[in-house]
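Undergrad: Got run.cif for you, mmCIF, C-alpha atoms:
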data_entry
#
loop_
_atom_site.label_atom_id
_atom_site.label_comp_id
_atom_site.auth_asym_id
_atom_site.auth_seq_id
_atom_site.Cartn_x
_atom_site.Cartn_y
_atom_site.Cartn_z
CA THR A 937 33.70 56.82 -23.05
CA ALA A 938 34.14 54.37 -25.88
CA VAL A 939 31.74 51.45 -26.12
CA ASN A 940 33.36 48.27 -24.87
CA GLU A 941 30.93 45.39 -25.33
CA GLU A 942 33.34 42.79 -23.96
CA LYS A 943 33.76 44.78 -20.75
CA ALA A 944 29.99 45.25 -20.50
CA LYS A 945 29.41 41.51 -20.92
CA SER A 946 32.09 40.74 -18.36
CA LEU A 947 30.61 43.13 -15.79
CA LEU A 948 27.10 41.81 -16.35
CA GLN A 949 28.30 38.25 -15.92
CA GLU A 950 30.19 39.22 -12.77
CA ALA A 951 27.05 40.84 -11.34
CA ALA A 952 25.01 37.74 -12.24
CA ASN A 953 27.59 35.51 -10.54
CA MET A 954 27.12 37.66 -7.42
CA GLY A 955 23.36 37.01 -7.57
CA PHE A 956 22.08 40.39 -8.77
CA ALA A 957 18.62 39.93 -10.27
CA ILE A 958 18.97 42.96 -12.54
CA ALA A 959 21.92 41.23 -14.20
CA TYR A 960 19.88 38.04 -14.68
CA SER A 961 17.14 40.13 -16.24
CA ASP A 962 19.45 42.02 -18.58
CA ILE A 963 21.38 38.93 -19.66
CA ALA A 964 18.17 36.96 -20.27
CA ASN A 965 16.74 39.72 -22.45
CA TYR A 966 20.03 40.22 -24.31
CA TYR A 967 20.24 36.51 -25.13
CA TYR A 968 16.56 36.45 -26.11
CA TYR A 969 16.88 39.38 -28.52
CA GLY A 970 20.45 38.72 -29.65
CA LYS A 971 21.73 42.06 -28.36
CA LEU A 972 25.21 42.19 -26.84
CA PHE A 973 25.13 38.36 -26.65
CA GLU A 974 24.43 36.04 -29.58
CA LYS A 975 20.72 35.14 -29.74
CA ASN A 976 20.25 31.97 -27.70
CA GLU A 977 16.90 30.94 -26.18
CA GLN A 978 18.59 28.17 -24.19
CA LYS A 979 20.86 30.67 -22.44
CA ALA A 980 18.02 33.18 -22.03
CA SER A 981 15.91 30.53 -20.32
CA GLU A 982 18.71 29.83 -17.82
CA TYR A 983 18.51 33.43 -16.63
CA TYR A 984 14.70 33.76 -16.74
CA ARG A 985 14.50 30.70 -14.47
CA ARG A 986 16.70 32.46 -11.89
CA LEU A 987 14.21 35.31 -11.53
CA ASN A 988 11.07 35.56 -9.47
CA THR A 989 8.40 38.20 -9.14
CA ASN A 990 9.96 39.53 -5.93
CA ASP A 991 12.96 40.74 -7.94
CA ASN A 992 11.26 43.95 -9.13
CA CYS A 993 11.70 43.00 -12.78
CA SER A 994 10.98 45.27 -15.71
CA CYS A 995 7.78 44.88 -17.68
CA GLU A 996 9.75 43.54 -20.62
CA THR A 997 11.44 40.88 -18.50
CA ALA A 998 8.17 39.82 -16.85
CA TYR A 999 6.42 39.49 -20.22
CA ASN A 1000 9.35 37.57 -21.73
CA ALA A 1001 9.55 35.20 -18.75
CA GLY A 1002 5.82 34.60 -19.10
CA VAL A 1003 6.24 33.77 -22.78
CA PHE A 1004 9.06 31.33 -21.99
CA TYR A 1005 6.92 29.47 -19.44
CA TRP A 1006 3.79 29.64 -21.61
CA HIS A 1007 5.43 28.17 -24.71
CA GLY A 1008 8.25 26.14 -23.15
CA LEU A 1009 11.11 28.04 -24.79
CA GLY A 1010 14.78 27.26 -24.28
CA ASP A 1011 15.06 24.56 -21.65
CA ILE A 1012 12.02 25.77 -19.71
CA GLU A 1013 9.18 23.29 -19.74
CA ILE A 1014 5.66 24.56 -20.30
CA ASP A 1015 4.38 25.76 -16.95
CA TYR A 1016 1.13 27.67 -17.21
CA GLN A 1017 1.07 28.65 -13.54
CA ASN A 1018 4.47 30.33 -13.82
CA ALA A 1019 3.42 31.97 -17.09
CA ILE A 1020 0.29 33.33 -15.40
CA LYS A 1021 2.33 34.55 -12.44
CA TRP A 1022 4.64 36.52 -14.74
CA PHE A 1023 1.86 37.92 -16.93
CA GLU A 1024 -0.14 38.96 -13.87
CA TYR A 1025 2.98 40.62 -12.46
CA ALA A 1026 3.36 42.65 -15.67
CA VAL A 1027 -0.33 43.62 -15.60
CA ASP A 1028 -0.37 44.48 -11.89
CA ASN A 1029 2.86 46.49 -11.95
CA TYR A 1030 2.88 47.99 -15.44
CA ASN A 1031 -0.66 47.61 -16.83
CA ASP A 1032 0.99 45.66 -19.66
CA TRP A 1033 -1.41 45.17 -22.55
CA GLY A 1034 0.68 42.39 -24.12
CA SER A 1035 0.38 40.34 -20.94
CA LYS A 1036 -3.36 41.00 -20.96
CA VAL A 1037 -3.50 39.47 -24.46
CA ALA A 1038 -1.72 36.36 -23.17
CA LEU A 1039 -4.00 36.03 -20.15
CA ALA A 1040 -7.13 36.49 -22.28
CA LYS A 1041 -5.95 33.77 -24.67
CA MET A 1042 -5.16 31.45 -21.76
CA HIS A 1043 -8.68 31.95 -20.37
CA TYR A 1044 -10.21 31.38 -23.80
CA ASP A 1045 -8.18 28.20 -24.42
CA GLY A 1046 -8.31 26.90 -20.85
CA THR A 1047 -4.53 26.79 -20.46
CA GLY A 1048 -3.67 27.35 -16.82
CA TYR A 1049 -7.26 28.35 -16.08
CA GLN A 1050 -10.59 26.62 -16.31
CA LYS A 1051 -11.72 27.24 -19.89
CA ASP A 1052 -13.88 30.37 -20.01
CA GLN A 1053 -14.25 31.64 -23.56
CA ASN A 1054 -16.63 34.42 -22.52
CA LEU A 1055 -14.07 35.83 -20.09
CA GLY A 1056 -11.32 35.46 -22.70
CA ILE A 1057 -13.40 37.41 -25.22
CA LYS A 1058 -14.28 40.08 -22.66
CA MET A 1059 -10.63 40.53 -21.74
CA MET A 1060 -9.53 40.55 -25.39
CA LEU A 1061 -12.15 43.21 -26.22
CA GLU A 1062 -10.69 45.40 -23.48
CA VAL A 1063 -7.24 45.06 -25.04
CA ALA A 1064 -8.58 45.62 -28.55
CA ASN A 1065 -10.16 48.89 -27.46
CA ASN A 1066 -7.13 50.27 -25.61
CA LYS A 1067 -5.68 53.47 -27.03
CA THR A 1068 -2.12 53.22 -25.73
CA ASP A 1069 -0.64 50.00 -27.14
CA ASN A 1070 -1.21 49.49 -30.86
CA TRP A 1071 0.72 46.21 -30.97
CA ALA A 1072 -1.50 44.64 -28.31
CA ALA A 1073 -4.67 46.10 -29.83
CA ASP A 1074 -3.76 44.69 -33.26
CA LYS A 1075 -2.98 41.29 -31.73
CA ALA A 1076 -6.29 41.34 -29.84
CA HIS A 1077 -8.23 42.19 -33.00
CA LYS A 1078 -6.58 39.24 -34.79
CA TYR A 1079 -7.53 36.82 -32.00
CA LEU A 1080 -11.09 38.14 -31.91
CA GLU A 1081 -11.41 37.67 -35.67
CA ILE A 1082 -10.11 34.09 -35.44
CA TRP A 1083 -12.44 33.32 -32.54
CA LYS A 1084 -15.40 34.84 -34.39
CA ASN A 1085 -14.76 32.50 -37.31
CA ASN A 1086 -14.60 29.40 -35.10
#
Represent the structure contained in this file as structure tokens.
TA:
Amino acid sequence: TAVNEEKAKSLLQEAANMGFAIAYSDIANYYYYGKLFEKNEQKASEYYRRLNTNDNCSCETAYNAGVFYWHGLGDIEIDYQNAIKWFEYAVDNYNDWGSKVALAKMHYDGTGYQKDQNLGIKMMLEVANNKTDNWAADKAHKYLEIWKNN
């Protein structure tokens, strides 16, 4: 079958209009990354807001939704409790190391949690020493180096 991006976009939008969470998830990620749809954080945020952790989202979607709430991207206002909810979902369901980085930083900084730098460091050390996610380990090492110098 030939690739028909316009048909794919139309079908995804139709599924989203019918309330299918998987369509919200896909459309949000496509807008966020600029795949299939033109990159647009505003549009991505519209679809991330429609999701909740009962929707059986992918790890990627949960992490991205957490980032949107953590940093207030698109038209989502900063909401640390929603960010934590999404990052914890990704950790609990997928053992997502990237979400562990975010949670460790939030503990260290006291954003969404009572400030606990010792816990943040402990969590970040766990991520830094993981052997399965190089991106997260590298990110953790960078945070630990910054924190060491503070």
Undergrad: Counting all atoms listed in the file, which residue out of A:Asp1052, A:Phe1004, A:Lys945, A:Ile1012 sits closest to Tyr968 (chain A)?
TA: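 Once distances to Tyr968 (chain A) are computed over all atoms listed in the file, the minimum belongs to A:Phe1004.
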Undergrad: Written as a ChimeraX atom specification, what is the full residue list that the PyMOL selection byres ((chain A and resi 1062-1068) around 12) yields on the file shown?
TA: /A:1027,1031-1041,1055-1061,1069-1081
Undergrad: If we draw a sphere of 10 Å around (16.2, 29.7, -16.1), which residues have at least one atom in it when counting only C-alpha atoms? Please report them as a ChimeraX atom specification.
TA: /A:960,964,978-987,1001,1004-1005,1010-1012
Undergrad: Run the PyMOL selection byres ((chain A and resi 1003) around 10) mentally over the shown coordinates, then write out the matched residues as a list of chain:residue names, using the chain letters and numbers from the document.
TA: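 Applied to this file, the PyMOL selection byres ((chain A and resi 1003) around 10) selects A:Thr997, A:Ala998, A:Tyr999, A:Asn1000, A:Ala1001, A:Gly1002, A:Phe1004, A:Tyr1005, A:Trp1006, A:His1007, A:Gly1008, A:Leu1009, A:Ile1014, A:Tyr1016, A:Asn1018, A:Ala1019, A:Ile1020, A:Trp1022, A:Phe1023, A:Ser1035, A:Ala1038.
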Undergrad: When you draw a straight line from CA of Glu974 (chain A) to CA of Glu941 (chain A), how long is it in Å?
TA: 12.2 Å
